[in-house]
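Shown below: entry32.tsv, with TSV, C-alpha atoms.
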chain	number	residue	atom	x	y	z
H	1	MET	CA	-14.44	44.38	66.44
H	2	LYS	CA	-13.53	46.94	68.99
H	3	LYS	CA	-13.03	50.46	67.79
H	4	LYS	CA	-9.47	51.67	68.28
H	5	ALA	CA	-8.95	54.36	70.87
H	6	LEU	CA	-7.19	57.22	69.13
H	7	ALA	CA	-4.81	59.55	70.92
H	8	ALA	CA	-5.67	63.23	71.22
H	9	ILE	CA	-3.81	65.61	68.97
H	10	LEU	CA	-3.29	69.30	68.84
H	11	ILE	CA	-1.85	70.62	65.62
H	12	ALA	CA	-1.38	74.28	65.02
H	13	MET	CA	-0.17	75.80	61.83
H	14	THR	CA	0.74	79.36	61.17
H	15	VAL	CA	0.78	79.88	57.45
H	16	LEU	CA	1.72	82.79	55.24
H	17	ALA	CA	-0.43	82.94	52.15
H	18	GLY	CA	1.43	83.69	48.96
H	19	CYS	CA	2.04	82.54	45.46
H	20	GLY	CA	4.70	81.75	42.95
H	21	ASP	CA	3.98	78.65	40.94
H	22	LYS	CA	3.43	78.31	37.21
H	23	GLU	CA	-0.32	78.79	37.16
H	24	GLY	CA	-0.47	82.49	36.52
H	25	GLU	CA	-0.23	83.12	40.26
H	26	SER	CA	1.41	86.36	41.22
H	27	SER	CA	5.17	86.12	41.76
H	28	SER	CA	4.95	88.75	44.52
H	29	PRO	CA	4.43	87.07	47.89
H	30	ILE	CA	1.35	88.11	49.80
H	31	ILE	CA	2.35	88.95	53.34
H	32	GLN	CA	-0.65	87.97	55.37
H	33	ASP	CA	-0.82	86.61	58.90
H	34	VAL	CA	-3.13	83.68	59.21
H	35	GLU	CA	-4.44	82.51	62.55
H	36	SER	CA	-3.22	79.11	63.68
H	37	VAL	CA	-5.37	76.28	62.47
H	38	ALA	CA	-6.35	74.33	65.56
H	39	LEU	CA	-7.56	70.87	64.71
H	40	ALA	CA	-9.90	68.74	66.77
H	41	THR	CA	-8.35	67.50	70.00
H	42	SER	CA	-11.10	65.60	71.74
H	43	LYS	CA	-10.42	61.92	72.32
H	44	PRO	CA	-13.30	59.73	71.20
H	45	GLU	CA	-14.89	57.65	73.90
H	46	GLU	CA	-14.09	53.94	73.93
H	47	GLU	CA	-17.05	52.19	72.37
H	48	PRO	CA	-18.38	48.81	73.42
H	49	GLU	CA	-17.66	45.65	71.52
H	50	GLY	CA	-19.63	45.48	68.25
H	51	GLU	CA	-22.21	42.75	68.38
H	52	VAL	CA	-21.82	39.86	65.97
H	53	SER	CA	-25.09	38.25	64.94
H	54	GLY	CA	-25.09	34.47	64.81
H	55	GLU	CA	-21.81	32.61	64.76
H	56	GLU	CA	-18.46	34.37	64.81
H	57	GLU	CA	-17.40	35.66	61.42
H	58	GLU	CA	-15.43	33.04	59.57
H	59	GLN	CA	-11.75	33.69	59.03
H	60	GLU	CA	-10.96	34.34	55.38
H	61	PRO	CA	-8.61	31.69	53.98
H	62	GLU	CA	-5.10	32.77	53.10
H	63	GLU	CA	-4.35	32.42	49.41
H	64	VAL	CA	-0.83	32.24	48.03
H	65	ARG	CA	0.22	32.82	44.43
H	66	GLU	CA	3.78	32.07	43.41
H	67	GLY	CA	5.79	35.19	42.59
H	68	MET	CA	2.94	37.52	43.53
H	69	TYR	CA	1.53	39.36	46.54
H	70	ARG	CA	-1.55	41.42	47.36
H	71	SER	CA	-0.94	45.13	46.81
H	72	GLU	CA	-1.25	47.22	49.95
H	73	LEU	CA	-3.03	49.89	47.89
H	74	THR	CA	-5.65	47.75	46.12
H	75	ASN	CA	-5.33	44.19	47.48
H	76	GLU	CA	-4.95	43.06	43.86
H	77	TRP	CA	-2.36	40.41	43.02
H	78	ILE	CA	0.76	42.06	41.61
H	79	ASP	CA	4.37	41.05	41.03
H	80	GLU	CA	6.30	40.26	44.21
H	81	SER	CA	9.21	42.40	43.00
H	82	LEU	CA	7.04	45.47	43.77
H	83	LYS	CA	6.39	44.52	47.37
H	84	ASN	CA	8.73	47.07	48.95
H	85	GLN	CA	8.50	49.71	46.22
H	86	ARG	CA	7.18	53.10	47.32
H	87	PRO	CA	4.26	54.54	45.35
H	88	ILE	CA	4.30	57.94	43.74
H	89	ALA	CA	1.65	60.61	44.36
H	90	VAL	CA	1.07	62.71	41.25
H	91	MET	CA	-0.63	66.11	41.20
H	92	VAL	CA	-2.86	66.14	38.11
H	93	ASP	CA	-4.49	69.25	36.70
H	94	ASN	CA	-8.27	69.00	36.61
H	95	GLU	CA	-9.24	72.07	34.59
H	96	LYS	CA	-11.30	71.31	31.52
H	97	LYS	CA	-8.57	72.63	29.21
H	98	ALA	CA	-6.15	70.09	30.75
H	99	LEU	CA	-8.28	67.19	29.51
H	100	PRO	CA	-7.90	64.50	28.43
H	101	HIS	CA	-5.76	63.08	31.21
H	102	PHE	CA	-3.22	60.50	30.14
H	103	GLY	CA	-2.61	57.36	32.19
H	104	LEU	CA	-4.97	58.13	35.06
H	105	THR	CA	-6.57	54.67	34.84
H	106	GLU	CA	-3.18	53.29	35.98
H	107	ALA	CA	-3.67	54.93	39.39
H	108	ASP	CA	-4.45	52.67	42.33
H	109	ILE	CA	-5.96	55.46	44.43
H	110	VAL	CA	-7.21	58.86	43.28
H	111	TYR	CA	-7.87	61.76	45.63
H	112	GLU	CA	-10.03	64.66	44.48
H	113	MET	CA	-10.25	67.85	46.48
H	114	MET	CA	-10.99	71.52	46.15
H	115	ASN	CA	-7.85	73.21	44.85
H	116	SER	CA	-9.03	76.80	45.22
H	117	THR	CA	-11.84	78.66	46.92
H	118	LYS	CA	-12.12	80.62	43.68
H	119	ASN	CA	-13.18	79.46	40.20
H	120	ASP	CA	-16.28	77.66	41.53
H	121	ARG	CA	-14.03	75.61	43.82
H	122	ILE	CA	-12.19	73.86	41.02
H	123	THR	CA	-10.66	70.53	42.04
H	124	ARG	CA	-7.35	68.80	41.52
H	125	PHE	CA	-6.41	65.11	41.56
H	126	MET	CA	-3.64	63.43	43.50
H	127	ALA	CA	-3.09	60.00	41.97
H	128	LEU	CA	-1.17	57.22	43.73
H	129	VAL	CA	0.58	54.68	41.52
H	130	LYS	CA	2.38	51.64	42.93
H	131	ASP	CA	3.77	50.14	39.71
H	132	TRP	CA	5.13	53.41	38.31
H	133	GLY	CA	7.83	51.70	36.26
H	134	LYS	CA	5.25	50.93	33.57
H	135	ILE	CA	4.25	54.58	33.03
H	136	GLU	CA	4.62	55.83	29.45
H	137	GLN	CA	2.72	59.11	29.79
H	138	PHE	CA	0.89	60.40	32.85
H	139	GLY	CA	-0.62	63.80	33.53
H	140	SER	CA	-0.60	66.68	32.93
H	141	ILE	CA	1.26	67.64	36.09
H	142	ARG	CA	0.52	70.74	38.16
H	143	SER	CA	1.42	72.30	41.49
H	144	THR	CA	0.93	70.90	44.98
H	145	ARG	CA	-0.82	72.30	48.04
H	146	SER	CA	-0.13	71.86	51.75
H	147	THR	CA	-2.92	69.30	52.19
H	148	ASN	CA	-1.22	66.94	49.75
H	149	VAL	CA	2.01	67.06	51.76
H	150	TYR	CA	0.14	65.73	54.79
H	151	LEU	CA	-1.55	63.02	52.74
H	152	VAL	CA	1.56	61.58	51.06
H	153	GLY	CA	2.99	60.96	54.52
H	154	GLU	CA	0.55	58.14	55.19
H	155	TRP	CA	1.66	56.33	52.03
H	156	ASN	CA	5.42	57.04	52.17
H	157	ALA	CA	4.91	58.19	48.58
H	158	VAL	CA	7.16	60.41	46.45
H	159	LEU	CA	5.23	63.59	45.64
H	160	CYS	CA	5.39	64.50	41.93
H	161	HIS	CA	4.33	68.05	41.08
H	162	ASP	CA	5.22	71.26	39.29
H	163	GLY	CA	5.97	73.84	41.96
H	164	GLY	CA	3.43	75.33	44.31
H	165	PRO	CA	2.84	78.34	46.58
H	166	PHE	CA	5.80	79.09	48.83
H	167	PHE	CA	4.09	77.94	52.02
H	168	ALA	CA	3.52	74.47	50.51
H	169	LEU	CA	7.12	74.31	49.29
H	170	ASN	CA	8.39	75.36	52.71
H	171	LEU	CA	6.26	72.64	54.30
H	172	ILE	CA	7.85	70.05	52.01
H	173	LYS	CA	11.28	71.14	53.25
H	174	GLU	CA	10.16	70.83	56.86
H	175	LYS	CA	8.80	67.30	56.50
H	176	ALA	CA	11.54	64.67	56.41
H	177	TYR	CA	9.08	62.09	55.09
H	178	CYS	CA	8.15	64.15	52.01
H	179	ASP	CA	10.50	63.27	49.15
H	180	ASN	CA	9.38	65.19	46.08
H	181	LEU	CA	10.11	65.73	42.39
H	182	SER	CA	9.08	69.10	40.95
H	183	GLY	CA	9.24	70.56	37.46
H	184	VAL	CA	11.59	67.87	36.14
H	185	PHE	CA	9.29	65.89	33.88
H	186	ALA	CA	8.95	65.71	30.11
H	187	ARG	CA	7.24	68.42	28.06
H	188	VAL	CA	4.84	67.12	25.44
H	189	GLU	CA	3.76	69.35	22.57
H	190	ASN	CA	-0.03	69.11	22.60
H	191	GLY	CA	-1.10	72.49	21.22
H	192	LYS	CA	-1.86	73.82	24.71
H	193	PRO	CA	-0.26	76.55	26.83
H	194	THR	CA	2.95	75.60	28.63
H	195	GLU	CA	1.29	74.94	31.98
H	196	PHE	CA	-0.62	72.03	30.43
H	197	THR	CA	2.31	70.26	28.74
H	198	GLU	CA	4.21	68.54	31.58
H	199	TYR	CA	3.83	64.77	31.88
H	200	ILE	CA	5.65	61.90	33.53
H	201	CYS	CA	7.08	59.91	30.64
H	202	THR	CA	9.11	56.72	30.33
H	203	GLY	CA	12.33	56.89	32.35
H	204	ASP	CA	11.60	60.23	34.05
H	205	LEU	CA	11.03	58.79	37.51
H	206	GLU	CA	14.02	56.46	37.54
H	207	ARG	CA	16.32	59.26	36.36
H	208	GLU	CA	15.10	61.91	38.77
H	209	MET	CA	14.86	59.66	41.82
H	210	SER	CA	18.42	58.55	41.17
H	211	LYS	CA	19.59	62.17	40.91
H	212	LYS	CA	18.04	62.95	44.29
H	213	ASN	CA	19.30	59.70	45.79
H	214	TYR	CA	15.77	58.83	46.88
H	215	SER	CA	15.09	55.30	47.98
H	216	VAL	CA	12.66	53.55	45.65
H	217	GLU	CA	11.74	51.26	48.54
H	218	TYR	CA	9.80	52.05	51.71
H	219	ASN	CA	11.97	53.85	54.24
H	220	GLU	CA	11.90	54.58	57.97
H	221	HIS	CA	8.85	56.84	57.55
H	222	TYR	CA	6.63	54.07	56.19
H	223	PRO	CA	3.74	53.55	58.63
H	224	GLY	CA	2.94	50.04	57.39
H	225	THR	CA	-0.11	48.59	55.70
H	226	HIS	CA	-3.05	50.92	55.33
H	227	TYR	CA	-6.57	49.67	54.60
H	228	LEU	CA	-8.39	46.63	55.90
H	229	PHE	CA	-9.32	44.62	52.78
H	230	SER	CA	-11.69	41.73	52.24
H	231	ASN	CA	-10.14	38.91	50.24
H	232	LYS	CA	-13.57	37.85	49.04
H	233	GLU	CA	-16.28	40.03	47.52
H	234	TYR	CA	-17.76	42.06	50.36
H	235	GLU	CA	-21.39	43.06	50.03
H	236	LEU	CA	-21.95	46.24	51.99
H	237	SER	CA	-25.64	45.34	52.24
H	238	GLU	CA	-24.57	43.03	55.07
H	239	ALA	CA	-23.35	46.01	57.11
H	240	ASP	CA	-25.58	47.85	59.57
H	241	GLY	CA	-26.74	51.24	58.30
H	242	ALA	CA	-26.22	50.49	54.59
H	243	THR	CA	-28.60	51.85	51.95
H	244	ASP	CA	-28.69	51.91	48.14
H	245	CYS	CA	-26.41	54.24	46.16
H	246	SER	CA	-26.62	54.15	42.38
H	247	GLU	CA	-25.04	57.59	41.96
H	248	ILE	CA	-23.36	60.28	44.02
H	249	GLU	CA	-23.16	63.86	42.81
H	250	LEU	CA	-20.42	65.85	44.51
H	251	VAL	CA	-22.19	69.16	44.11
H	252	PRO	CA	-19.64	70.94	46.37
H	253	PHE	CA	-17.18	70.46	43.47
H	254	ARG	CA	-19.24	72.88	41.42
H	255	HIS	CA	-16.73	73.66	38.68
H	256	ASN	CA	-16.02	70.03	37.80
H	257	GLU	CA	-19.52	68.63	38.44
H	258	SER	CA	-17.85	65.46	39.74
H	259	THR	CA	-20.22	62.49	39.66
H	260	LEU	CA	-19.80	58.75	40.19
H	261	LYS	CA	-22.36	56.33	38.75
H	262	TYR	CA	-22.68	52.67	39.64
H	263	ASN	CA	-22.08	50.29	36.75
H	264	GLU	CA	-23.83	47.01	37.56
H	265	ALA	CA	-22.06	45.21	34.73
H	266	THR	CA	-18.60	45.90	36.17
H	267	GLY	CA	-19.51	46.34	39.84
H	268	THR	CA	-17.63	49.64	39.88
H	269	TYR	CA	-18.42	53.36	39.97
H	270	ASP	CA	-17.63	55.26	36.76
H	271	TYR	CA	-16.31	58.80	37.11
H	272	TYR	CA	-17.80	61.76	35.20
H	273	GLU	CA	-16.91	65.44	35.21
H	274	TYR	CA	-18.01	68.43	33.16
H	275	GLY	CA	-21.02	66.31	32.26
H	276	GLU	CA	-18.92	63.77	30.35
H	277	PRO	CA	-17.33	60.38	31.10
H	278	HIS	CA	-13.68	60.68	32.10
H	279	LEU	CA	-11.70	58.77	29.43
H	280	ASP	CA	-8.03	57.82	29.23
H	281	PRO	CA	-6.56	58.03	25.69
H	282	GLN	CA	-3.41	56.34	26.98
H	283	HIS	CA	-5.46	53.16	27.42
H	284	ASP	CA	-7.94	53.02	24.53
H	285	ASN	CA	-10.25	55.63	26.10
H	286	ALA	CA	-11.00	53.42	29.10
H	287	GLN	CA	-13.28	55.16	31.60
H	288	LEU	CA	-11.92	56.01	35.01
H	289	SER	CA	-13.72	53.78	37.50
H	290	PHE	CA	-13.40	52.61	41.10
H	291	LYS	CA	-14.44	49.68	43.27
H	292	ASN	CA	-14.44	51.72	46.50
H	293	LEU	CA	-15.50	55.30	47.20
H	294	LEU	CA	-14.51	57.13	50.40
H	295	ILE	CA	-16.11	60.54	50.87
H	296	GLN	CA	-14.69	62.69	53.70
H	297	ASN	CA	-16.30	65.72	55.32
H	298	CYS	CA	-13.41	68.05	56.17
H	299	SER	CA	-13.16	71.65	57.35
H	300	PHE	CA	-10.53	73.97	55.92
H	301	ALA	CA	-8.73	77.23	56.57
H	302	ASP	CA	-8.97	79.92	53.90
H	303	LEU	CA	-5.50	81.37	53.38
H	304	GLY	CA	-6.52	84.14	50.99
H	305	GLU	CA	-6.11	84.54	47.23
H	306	GLY	CA	-7.98	81.27	46.73
H	307	TYR	CA	-5.49	79.19	48.73
H	308	LEU	CA	-6.61	76.86	51.49
H	309	VAL	CA	-5.47	74.01	53.68
H	310	TYR	CA	-7.79	71.21	54.78
H	311	ASN	CA	-7.77	70.23	58.45
H	312	ILE	CA	-6.92	66.74	57.28
H	313	ILE	CA	-5.24	65.69	60.54
H	314	ASP	CA	-8.09	65.10	62.95
H	315	ALA	CA	-8.16	62.73	65.91
H	316	GLY	CA	-11.62	63.90	66.94
H	317	GLY	CA	-13.38	62.16	64.07
H	318	ASN	CA	-15.36	63.48	61.13
H	319	ASP	CA	-18.32	62.31	59.07
H	320	GLY	CA	-18.01	60.48	55.80
H	321	TYR	CA	-19.34	57.73	53.56
H	322	TYR	CA	-18.08	54.41	52.30
H	323	ILE	CA	-19.60	53.21	49.02
H	324	THR	CA	-19.16	49.92	47.17
H	325	ASN	CA	-21.27	47.49	45.13
H	326	GLY	CA	-24.23	49.85	44.92
H	327	LYS	CA	-24.45	50.44	48.67
H	328	ILE	CA	-23.48	53.29	50.98
H	329	VAL	CA	-22.84	53.40	54.72
H	330	PRO	CA	-22.04	56.39	56.97
H	331	VAL	CA	-18.57	56.36	58.50
H	332	THR	CA	-16.39	58.31	60.88
H	333	TRP	CA	-12.80	58.93	59.78
H	334	TYR	CA	-9.66	59.70	61.76
H	335	LYS	CA	-6.07	60.72	60.98
H	336	GLN	CA	-3.86	61.11	64.05
H	337	HIS	CA	-0.69	62.66	62.58
H	338	ASP	CA	1.18	63.26	59.33
H	339	THR	CA	2.22	59.69	58.62
H	340	ALA	CA	-0.73	57.95	60.29
H	341	PRO	CA	-3.10	56.18	57.90
H	342	THR	CA	-6.59	57.64	57.64
H	343	THR	CA	-8.94	55.06	59.14
H	344	TYR	CA	-12.69	54.66	58.64
H	345	TYR	CA	-15.27	53.14	60.98
H	346	ASN	CA	-18.90	52.20	60.44
H	347	LYS	CA	-20.80	54.95	62.23
H	348	VAL	CA	-23.49	52.52	63.40
H	349	THR	CA	-21.36	49.64	64.71
H	350	GLY	CA	-18.00	51.30	65.39
H	351	GLU	CA	-16.25	48.57	63.40
H	352	GLU	CA	-13.44	49.39	60.99
H	353	ILE	CA	-14.72	49.11	57.45
H	354	LYS	CA	-13.48	46.53	54.97
H	355	LEU	CA	-12.68	47.61	51.44
H	356	ASN	CA	-13.21	45.45	48.40
H	357	THR	CA	-10.28	44.52	46.21
H	358	GLY	CA	-9.77	47.21	43.56
H	359	LYS	CA	-9.15	50.89	43.02
H	360	THR	CA	-10.31	53.53	45.48
H	361	TYR	CA	-11.53	57.10	44.97
H	362	ILE	CA	-11.28	59.53	47.89
H	363	ALA	CA	-13.11	62.88	47.86
H	364	ILE	CA	-12.13	65.49	50.44
H	365	VAL	CA	-15.32	67.57	50.60
H	366	PRO	CA	-15.39	71.02	52.27
H	367	SER	CA	-17.55	70.97	55.40
H	368	ASP	CA	-19.39	74.18	54.55
H	369	ALA	CA	-20.91	72.43	51.51
H	370	TRP	CA	-21.18	68.88	52.85
H	371	ASP	CA	-24.99	68.96	52.90
H	372	GLU	CA	-25.06	69.70	49.15
H	373	ILE	CA	-23.99	66.17	48.22
H	374	VAL	CA	-26.71	64.31	46.31
H	375	ILE	CA	-27.01	60.54	46.83
H	376	LYS	CA	-29.34	58.72	44.46
H	377	LYS	CA	-30.80	55.32	45.22
Give the structure from the file, written as structure tokens.
Amino acid sequence: MKKKALAAILIAMTVLAGCGDKEGESSSPIIQDVESVALATSKPEEEPEGEVSGEEEEQEPEEVREGMYRSELTNEWIDESLKNQRPIAVMVDNEKKALPHFGLTEADIVYEMMNSTKNDRITRFMALVKDWGKIEQFGSIRSTRSTNVYLVGEWNAVLCHDGGPFFALNLIKEKAYCDNLSGVFARVENGKPTEFTEYICTGDLEREMSKKNYSVEYNEHYPGTHYLFSNKEYELSEADGATDCSEIELVPFRHNESTLKYNEATGTYDYYEYGEPHLDPQHDNAQLSFKNLLIQNCSFADLGEGYLVYNIIDAGGNDGYYITNGKIVPVTWYKQHDTAPTTYYNKVTGEEIKLNTGKTYIAIVPSDAWDEIVIKK
């Protein structure tokens, strides 16, 4: 399969670092000029056709199930009534005192990324949920950052958060594709400080999206289907460059000690942080687990006071890993513009990777600590 030629991009951002959300951040804006963030602009060379050993790969048979379709987020069979429904993208606090998280096992895709250059580079989740009508309690909810605005564009998702620094909120206003709901969700008394009590609860999304007159269906900003899925179990061992991966320790996420361990019984990777399994009390303490792991090496701009923005839009290509079924392969990832899907290619063959049916975890790892990742065979 021939690697797509990606157009060159030059994106410059001039950002004022400041604060003003609900996380104890100073309400006085910090007036600080930040140099424009110039992202990679080199156009990758066209690569030759990938060689196919033996006979041409067989076409996967099309399966049809009455009243159902394959989700564009997971490739799982879900109700056909959801086909055109936009997902939500929920900012979830990942401090230890915010645990346990409620409902996170309902997410189809979970991003984890450094939320601050302070506090041992504490992380935050952004969870995408397609069938959000079934949510009873999800969260707790916290503030957004600029990087998340750029990421929701590729899913046409509604961003759900609780405020954010002024430069992120200004970016939301600038981006026509970024519908968002902020600070409008239910408060649940849980014995914790106020900043840890906001959750999406039954009826919240329908009510608030109606108030804002947001379309619950994909709109003109929807870029179309995202990942390339395999409809049958795909063994990464068949791919060039694949090696064993029983565990990956994301040491760059020092505060959370984020780790994913392969569970041979389920064929998924179980998520751990703070040295403990991540459990969901909303669903009988089920452990958060994923069929696919995508690990992205990404540079960032430090905006001061702990704030940052990842250079997540990059047409030049960056290193990464794809992990599934106990195997890992190096990849190169690309994202051409705000609403363009992030795409991943096998670094050895240049072919676009296939994901297995199921949930996906995406880690955006800071480049200056990329070499600290520990991969165990």
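Taking only C-alpha atoms into account, Leu82 (chain H) lies nearest to H:Glu217 out of the set H:Asp120, H:Asn148, H:Gly275, H:Glu217.
Distance annotation: of H:Ile141, H:Val365, H:Ile328, H:Leu99, the residue with the minimal separation from Pro277 (chain H) is H:Leu99; atom set is only C-alpha atoms.
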Tell me, in Å to one decimal, how far CA of Asn190 (chain H) is from CA of Glu112 (chain H).
24.5 Å
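Coordinates place CA of Asn84 (chain H) at a distance of 20.3 Å from CA of Glu62 (chain H).
Closest approach to Gln336 (chain H) among H:Ile313, H:Val152, H:Ile88, H:Ala168: H:Ile313, based on only C-alpha atoms.
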Quick one: residues within 12 Å of Asn285 (chain H), all atoms listed in the file counted, chain neighbours fewer than 4 positions away excluded, as a PyMOL selection string?
chain H and resi 100-105+277-281
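Using all atoms listed in the file, the nearest neighbour of Gly304 (chain H) within the list H:Gly183, H:Gly241, H:Pro165, H:Gly358 is H:Pro165.
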Considering only C-alpha atoms, state which residue in the set H:Asp108, H:Asp338, H:Asp302, H:Glu235 is at the smallest distance from Gly267 (chain H).
H:Glu235
Looking at H:Ala127, H:Leu308, H:Asp270, H:Arg121, which one is nearest to Arg145 (chain H), with distances taken over only C-alpha atoms?
H:Leu308
What's the 12 Å shell around region 366-370 of chain H, counting all atoms listed in the file, without same-chain residues fewer than 4 positions away, as an MDAnalysis selection string?
chainID H and resid 112:117 121 123 249:254 295:302 308:312 318:321 374:375
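Rounded to one decimal, CA of Phe166 (chain H) and CA of Lys335 (chain H) lie 25.0 Å from each other.
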Residues within 12 Å of Glu66 (chain H), all atoms listed in the file, excluding chain neighbours under 6 positions, as a PyMOL selection string:
chain H and resi 77-81
If you count all atoms listed in the file, which residues fall within 12 Å of Phe138 (chain H), apart from same-chain ones fewer than 6 positions away, as a ChimeraX atom specification?
/H:88-93,99-107,126-129,132,160-161,185-188,196-205,280-283
Since the input lacks atoms, please generate N, CA and C atoms for region 332-355 of chain H and provide them as a compact mmCIF listing (two decimals), keeping the file's coordinate frame.
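Output (rebuild-v5.txt):
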# COMPACT_ATOMS: atom_id res chain seq x y z
N THR H 332 -17.17 57.28 60.20
CA THR H 332 -16.39 58.31 60.88
C THR H 332 -14.93 58.06 60.53
N TRP H 333 -14.20 59.11 60.15
CA TRP H 333 -12.80 58.93 59.78
C TRP H 333 -11.88 59.68 60.74
N TYR H 334 -10.66 59.14 60.86
CA TYR H 334 -9.66 59.70 61.76
C TYR H 334 -8.29 59.70 61.07
N LYS H 335 -7.49 60.71 61.38
CA LYS H 335 -6.07 60.72 60.98
C LYS H 335 -5.32 61.38 62.13
N GLN H 336 -4.45 60.64 62.81
CA GLN H 336 -3.86 61.11 64.05
C GLN H 336 -2.67 62.05 63.87
N HIS H 337 -1.86 61.80 62.82
CA HIS H 337 -0.69 62.66 62.58
C HIS H 337 -0.26 62.49 61.13
N ASP H 338 0.78 63.21 60.74
CA ASP H 338 1.18 63.26 59.33
C ASP H 338 1.27 61.90 58.65
N THR H 339 1.97 60.97 59.28
CA THR H 339 2.22 59.69 58.62
C THR H 339 1.26 58.59 59.08
N ALA H 340 0.26 58.95 59.87
CA ALA H 340 -0.73 57.95 60.29
C ALA H 340 -1.73 57.71 59.18
N PRO H 341 -2.06 56.45 58.90
CA PRO H 341 -3.10 56.18 57.90
C PRO H 341 -4.45 56.75 58.33
N THR H 342 -5.21 57.25 57.37
CA THR H 342 -6.59 57.64 57.64
C THR H 342 -7.40 56.36 57.79
N THR H 343 -8.15 56.26 58.88
CA THR H 343 -8.94 55.06 59.14
C THR H 343 -10.42 55.42 59.16
N TYR H 344 -11.25 54.43 58.81
CA TYR H 344 -12.69 54.66 58.64
C TYR H 344 -13.46 53.59 59.42
N TYR H 345 -14.49 54.04 60.15
CA TYR H 345 -15.27 53.14 60.98
C TYR H 345 -16.75 53.30 60.68
N ASN H 346 -17.45 52.17 60.62
CA ASN H 346 -18.90 52.20 60.44
C ASN H 346 -19.51 53.01 61.57
N LYS H 347 -20.26 54.04 61.23
CA LYS H 347 -20.80 54.95 62.23
C LYS H 347 -21.84 54.28 63.13
N VAL H 348 -22.46 53.21 62.63
CA VAL H 348 -23.49 52.52 63.40
C VAL H 348 -22.88 51.52 64.37
N THR H 349 -21.91 50.72 63.90
CA THR H 349 -21.36 49.64 64.71
C THR H 349 -20.04 49.98 65.38
N GLY H 350 -19.32 50.99 64.86
CA GLY H 350 -18.00 51.30 65.39
C GLY H 350 -16.91 50.40 64.87
N GLU H 351 -17.23 49.48 63.96
CA GLU H 351 -16.25 48.57 63.40
C GLU H 351 -15.49 49.21 62.24
N GLU H 352 -14.21 48.91 62.12
CA GLU H 352 -13.44 49.39 60.99
C GLU H 352 -13.99 48.78 59.72
N ILE H 353 -14.13 49.60 58.69
CA ILE H 353 -14.72 49.11 57.45
C ILE H 353 -13.73 48.23 56.68
N LYS H 354 -14.27 47.34 55.88
CA LYS H 354 -13.48 46.53 54.97
C LYS H 354 -13.69 47.05 53.55
N LEU H 355 -12.60 47.21 52.83
CA LEU H 355 -12.68 47.61 51.44
C LEU H 355 -12.64 46.39 50.55
